[in-house]
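Reviewing the structure listed below.
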Amino acid sequence: MQPLAGQDLLHTQPRPMHWLATATAISAVVAAASFVQPPDATATTSHDVRVAQSSVAAPDPAKVTFPVDCGPNRLDVVKKVSGDLDHDGTTETVAVVRCHSETGTPPSGVYVLAQPTDPKAAPRIVATLLAPAQRLSVQNLVVKDGTISAALLGYSTLDVPRCCPDVHKSVKWQWQDGKFIQSELPAAMSTERA
């Protein structure tokens with residue numbers, strides 16, 4: 001005898017016991033799977049957390065208001081390099097900025113930027129390595145193994161034309177005892193880097 005349209009056979013209708021048995025079987029499979037792990041599986045460690053933190057994007061200098069007065073001219077970010085400068089597992093950015101000029105070599109400012117704890121906030125300036133008031137320009141900038149190295153150009157007197165710096169020196173900054181310590185590199189290294 002054929003069932004009428006809209007009727008189901010008794011043995012095909014799910015009963016509460018059917019659902020309970022299905023749920024129990026699925027739970028058993030999930031529980032068993034949690035005990036089976038690849039041989040190289042390990043628990044998360046603080047190193048993993050530091051790696052995750054360092055994968056966060058480096059601070060963007062374009063989002064920072066630098067303490068440089070350029071008058072009617074715009075401020076240019078002429079170079080930026082990133083790295084973990086204080087070995088805390090987060091990435092900082094070193095930004096070289098100067099006032100825009102069509103001629104001459106305006107002095108540079110070198111600032112260290114860090115990400116704020118609030119992801120919506122702008123990066124913050126945590127250190128000024130070189131202020132524009134020091135009247136030096138940055139020729140090159142490198143971050144390697146947490147050390148910031150720069151070749152600096154300047155002028156011995158106000159009589160030296162602004163196109164032709166006559167002072168050349170190389171410096172480095174390293175994080176020590178909670179601050180950046182500057183040291184000058186030997187003259188031989190200064191000419192090699194320039």
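Following the order of the structure tokens, chains are lettered A, B, ..., residues in each are numbered from 1, and ligands are numbered from 1.
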
Need to verify the contact set: Leu153 (chain A), 6 Å, only C-alpha atoms, exclusion of same-chain residues closer than 5 positions in sequence. Can you return it as a PyMOL selection string? chain A and resi 136-137+165+167-168

Which neighbours of Gln134 (chain A) fall inside 12 Å, counting only C-alpha atoms, when residues of the same chain fewer than 5 positions from it are skipped, and could you give them as a ChimeraX atom specification? /A:106-110,128-129,152-155

At a cut-off of 9 Å, using only C-alpha atoms, what residues contact Cys70 (chain A)? Leave out same-chain residues fewer than 3 positions from it and give the result as a list in words. Asn73, Arg74, Leu75, Arg98, Cys99 and His100 of chain A

Which of region 119-188 of chain A counts as strand (DSSP E or B) under DSSP, as number ranges by chain please? A: 124-130, 137-144, 147-154, 167-176, 179-184

Rank nothing, just name the residue among A:Leu185, A:Ala127, A:Val171, A:Leu85 nearest to Thr147 (chain A), using only C-alpha atoms.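 Of all the options, A:Leu85 lies closest to Thr147 (chain A).
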
In terms of the shortest atom-to-atom distance over only C-alpha atoms, which of A:Gln182, A:Gln115, A:Thr105, A:Thr65 is closest to Glu92 (chain A)? A:Gln115
